[in-house]
Amino acid sequence: HGSKLAALWTARQLLEQRLRSETRVAEPVAIVGMACRFPGAADLDAFWRLIRDGLDATGPIPSSRWDVDGLFDPTGEQPGKMSVRCAGLVDDVDKFDPQFFGISPREASRMDPQQRLLLEVAWEALEVAGLAPERMGGTATGVFVGIGGTDYSKIPAQFEDYYQHIDAHVGTGNALSIASNRVSYILDLHGPSLSVDTACSSGLLGVHLAVQCLRNRECDAALAGGVNLILSPETTIAFSKARMLSPDGHCRPFDAGANGYVRGEGCGILVLKRLTDAVRDGDRVLAVIRGTAANLDGRPSGITAPSGRAQQAVIRAAIAQ
């Protein structure tokens with residue numbers, strides 16, 4: 001009898017030790033809705049067809065963006081000029097129905113089209129999720145937007161009477177912080193609302209932060225994603241000077257013939273909920289996020305150069321969840 005009790009006590013101690021050492025599994029997060037506006041794809045169905053058929057959605061930059069011929073230099077050596085003529089661009093970025101969102105035409109004219117695009121795509125994402133946008137008011141829904149471009153604010157500065165046209169709407173219409181906040185304001189959402197700028201990872205980091213807030217019970221649902229529009233030539237000139245862009249306008253990832261990338265624009269938004277809540281509410285679960293992580297490479301060989309070790313570490317951190 002005594003030996004049996006001793007064995008049970010030993011087994012219990014081993015079990016308690018194992019439970020203390022095990023990492024708690026993070027709560028899964030469900031993607032219950034999504035929407036997009038990408039080059040060659042005005043919606044999800046069109047985007048799927050583009051991927052399925054292997055279509056190239058890049059093409060010549062139209063003159064409606066800037067003076068393509070006047071700013072082109074094939075050598076890439078002339079100051080103030082770029083060595084590329086192609087990009088992946090979204091159609092009709094100048095079109096917007098402000099009154100649908102309760103915005104006056106005057107204010108809409110001062111709004112960065114990135115803000116307009118976010119409103120449209122966020123609304124569509126909620127509809128895909130089966131959530132009536134007009135009924136989301138007062139809910140603990142967060143908004144997490146990856147955004148870094150400020151092209152629209154640079155365009156009026158080219159005109160001599162620029163300062164005379166500045167009004168209150170110019171401030172809110174071009175502030176990156178307002179990009180996320182305006183979505184929350186229009187829909188009366190009461191969860192955290194923030195804009196994130198970490199360059200190419202901005203949209204994914206927005207999703208990462210949304211997942212954290214859902215797990216911490218800071219919100220019950222979240223709109224997360226990113227937006228980028230190429231409306232003025234400054235950044236393209238800078239990237240051209242850095243030899244980052246493909247002169248022939250073609251992306252060839254992981255190919256020996258790769259000679260740079262092609263700049264692109266668009267908007268993508270996910271609707272996220274805790275998986276247990278999504279199942280309880282009868283939502284259509286499109287996919288499940290089980291782990292996310294973020295880090296920085298520290299100081300590799302250059303500010304744009306990746307660190308293999310840092311990327312391994314962040315993948316392991318996500319898997320550990």
# chains A, B, ... in the order shown; residues from 1 in each chain; ligands from 1
>>> residues_around(residues="region 293-302 of chain A", least_positions_apart="4", cutoff="7 Å", atoms="only C-alpha atoms", output="ChimeraX atom specification")
/A:208,306-307,310,314,317-318
>>> residues_around(residues="region 168-172 of chain A", least_positions_apart="6", cutoff="10 Å", atoms="only C-alpha atoms", output="PyMOL selection string")
chain A and resi 106-112+153+178-179+181-182
>>> closest_residue(among="A:Phe96, A:Tyr185, A:Trp123, A:Tyr163", to="Gly138 (chain A)", atoms="only C-alpha atoms")
A:Tyr185
>>> select_by_dssp(residues="region 129-280 of chain A", states="strand (DSSP E or B)", output="ChimeraX atom specification")
/A:141-146,193-196,221-228,245,261,264,266-274
>>> closest_atom_pairs(of="region 69-148 of chain A", to="region 214-231 of chain A", cutoff="8 Å", atoms="only C-alpha atoms", output="CSV")
residue,atom,partner,partner_atom,distance
A:Leu89,CA,A:Ile230,CA,7.7
A:Pro113,CA,A:Leu229,CA,7.7
A:Gln114,CA,A:Val227,CA,6.4
A:Leu117,CA,A:Val227,CA,7.8
A:Leu118,CA,A:Val227,CA,7.0
A:Ala122,CA,A:Leu223,CA,7.1
A:Thr139,CA,A:Asp220,CA,7.9
A:Ala140,CA,A:Cys219,CA,4.9
A:Thr141,CA,A:Ala221,CA,4.6
A:Gly142,CA,A:Ala222,CA,4.5
A:Val143,CA,A:Leu223,CA,4.8
A:Phe144,CA,A:Ala224,CA,4.7
A:Val145,CA,A:Gly226,CA,5.2
A:Gly146,CA,A:Gly226,CA,4.2
A:Ile147,CA,A:Val227,CA,5.6
A:Gly148,CA,A:Asn228,CA,7.4
>>> select_by_dssp(residues="region 94-215 of chain A", states="alpha helix (DSSP H)", output="number ranges by chain")
A: 105-110, 113-128, 151-154, 168-174, 176-187, 202-215
>>> residues_around(residues="Ser240 (chain A)", least_positions_apart="5", cutoff="9 Å", atoms="only C-alpha atoms", output="PyMOL selection string")
chain A and resi 76+81-84+235+245-247
>>> write_last_selection(atoms="N, CA and C atoms", output="mmCIF file, in the first residue's frame")
data_model
loop_
_atom_site.group_PDB
_atom_site.id
_atom_site.type_symbol
_atom_site.label_atom_id
_atom_site.label_comp_id
_atom_site.auth_asym_id
_atom_site.auth_seq_id
_atom_site.Cartn_x
_atom_site.Cartn_y
_atom_site.Cartn_z
ATOM 1 N N GLY A 76 19.058 55.959 -65.394
ATOM 2 C CA GLY A 76 18.914 56.090 -63.946
ATOM 3 C C GLY A 76 19.919 57.044 -63.330
ATOM 4 N N LYS A 81 14.905 62.057 -61.927
ATOM 5 C CA LYS A 81 14.206 61.198 -62.870
ATOM 6 C C LYS A 81 14.318 59.743 -62.444
ATOM 7 N N MET A 82 13.406 58.913 -63.003
ATOM 8 C CA MET A 82 13.356 57.495 -62.658
ATOM 9 C C MET A 82 13.657 56.646 -63.882
ATOM 10 N N SER A 83 14.112 55.420 -63.636
ATOM 11 C CA SER A 83 14.483 54.521 -64.729
ATOM 12 C C SER A 83 13.396 53.489 -65.009
ATOM 13 N N VAL A 84 12.182 53.711 -64.507
ATOM 14 C CA VAL A 84 11.091 52.749 -64.701
ATOM 15 C C VAL A 84 9.856 53.447 -65.268
ATOM 16 N N THR A 235 8.635 58.946 -54.309
ATOM 17 C CA THR A 235 9.139 57.680 -53.770
ATOM 18 C C THR A 235 9.674 56.784 -54.871
ATOM 19 N N LEU A 245 14.272 48.918 -58.212
ATOM 20 C CA LEU A 245 13.167 48.651 -59.121
ATOM 21 C C LEU A 245 13.627 47.995 -60.421
ATOM 22 N N SER A 246 12.765 47.143 -60.965
ATOM 23 C CA SER A 246 13.081 46.439 -62.208
ATOM 24 C C SER A 246 12.928 47.376 -63.401
ATOM 25 N N PRO A 247 13.977 47.628 -64.172
ATOM 26 C CA PRO A 247 13.878 48.535 -65.324
ATOM 27 C C PRO A 247 12.915 48.028 -66.401
#
>>> closest_atom_pairs(of="region 96-150 of chain A", to="region 25-32 of chain A", cutoff="12 Å", atoms="only C-alpha atoms", output="tab-separated table")
residue	atom	partner	partner_atom	distance
A:Ala125	CA	A:Val32	CA	9.0
A:Leu126	CA	A:Val32	CA	8.8
A:Glu127	CA	A:Val32	CA	10.4
A:Val128	CA	A:Val32	CA	8.0
A:Ala129	CA	A:Val32	CA	5.3
A:Gly130	CA	A:Val32	CA	8.6
A:Leu131	CA	A:Val32	CA	9.7
>>> write_last_selection(atoms="C-alpha atoms", output="PDB file, in the first residue's frame")
ATOM      1  CA  ALA A 125     -15.249  43.077 -45.827  1.00  0.00           C
ATOM      2  CA  LEU A 126     -17.979  43.392 -43.193  1.00  0.00           C
ATOM      3  CA  GLU A 127     -20.611  42.506 -45.792  1.00  0.00           C
ATOM      4  CA  VAL A 128     -18.616  39.397 -46.805  1.00  0.00           C
ATOM      5  CA  ALA A 129     -18.512  38.488 -43.095  1.00  0.00           C
ATOM      6  CA  GLY A 130     -22.300  38.752 -42.906  1.00  0.00           C
ATOM      7  CA  LEU A 131     -22.046  41.707 -40.525  1.00  0.00           C
TER       8      LEU A 131
END
>>> atom_distance(atom1="CA of Phe101 (chain A)", atom2="CA of Glu120 (chain A)")
9.1 Å
>>> atom_distance(atom1="CA of Ala256 (chain A)", atom2="CA of Arg316 (chain A)")
28.5 Å
>>> atom_distance(atom1="CA of Gln311 (chain A)", atom2="CA of His250 (chain A)")
26.1 Å
>>> residues_around(residues="Asp248 (chain A)", least_positions_apart="4", cutoff="12 Å", atoms="only C-alpha atoms", output="ChimeraX atom specification")
/A:58-60,74,83-87,252,257-262
>>> residues_around(residues="Asp45 (chain A)", least_positions_apart="6", cutoff="12 Å", atoms="only C-alpha atoms", output="short mmCIF file (atom, residue, chain, number, x, y, z; two decimals) with N, CA, C and O atoms, in the first residue's frame")
data_model
loop_
_atom_site.label_atom_id
_atom_site.label_comp_id
_atom_site.auth_asym_id
_atom_site.auth_seq_id
_atom_site.Cartn_x
_atom_site.Cartn_y
_atom_site.Cartn_z
N MET A 34 -13.35 39.16 -45.62
CA MET A 34 -12.23 39.85 -46.24
C MET A 34 -12.68 40.50 -47.53
O MET A 34 -13.68 40.10 -48.12
N ALA A 35 -11.93 41.51 -47.93
CA ALA A 35 -12.22 42.22 -49.18
C ALA A 35 -10.93 42.85 -49.67
O ALA A 35 -9.98 43.04 -48.91
N CYS A 36 -10.90 43.17 -50.98
CA CYS A 36 -9.67 43.71 -51.54
C CYS A 36 -9.96 44.60 -52.73
O CYS A 36 -11.04 44.56 -53.32
N ARG A 37 -8.99 45.40 -53.07
CA ARG A 37 -8.97 46.19 -54.30
C ARG A 37 -7.51 46.22 -54.76
O ARG A 37 -6.70 46.96 -54.19
N PHE A 38 -7.17 45.40 -55.73
CA PHE A 38 -5.79 45.26 -56.18
C PHE A 38 -5.68 45.52 -57.68
O PHE A 38 -6.71 45.53 -58.38
N ILE A 51 -4.84 35.19 -59.75
CA ILE A 51 -3.84 34.26 -59.22
C ILE A 51 -3.92 32.91 -59.94
O ILE A 51 -2.91 32.35 -60.34
N ARG A 52 -5.15 32.41 -60.10
CA ARG A 52 -5.35 31.10 -60.72
C ARG A 52 -4.80 31.05 -62.15
O ARG A 52 -4.16 30.07 -62.55
N VAL A 128 -19.04 40.77 -46.53
CA VAL A 128 -18.62 39.40 -46.81
C VAL A 128 -18.71 38.56 -45.53
O VAL A 128 -19.05 37.36 -45.57
#
>>> residues_around(residues="Trp66 (chain A)", least_positions_apart="2", cutoff="8 Å", atoms="only C-alpha atoms", output="VMD selection string")
chain A and resid 62 to 64 68 231 to 233
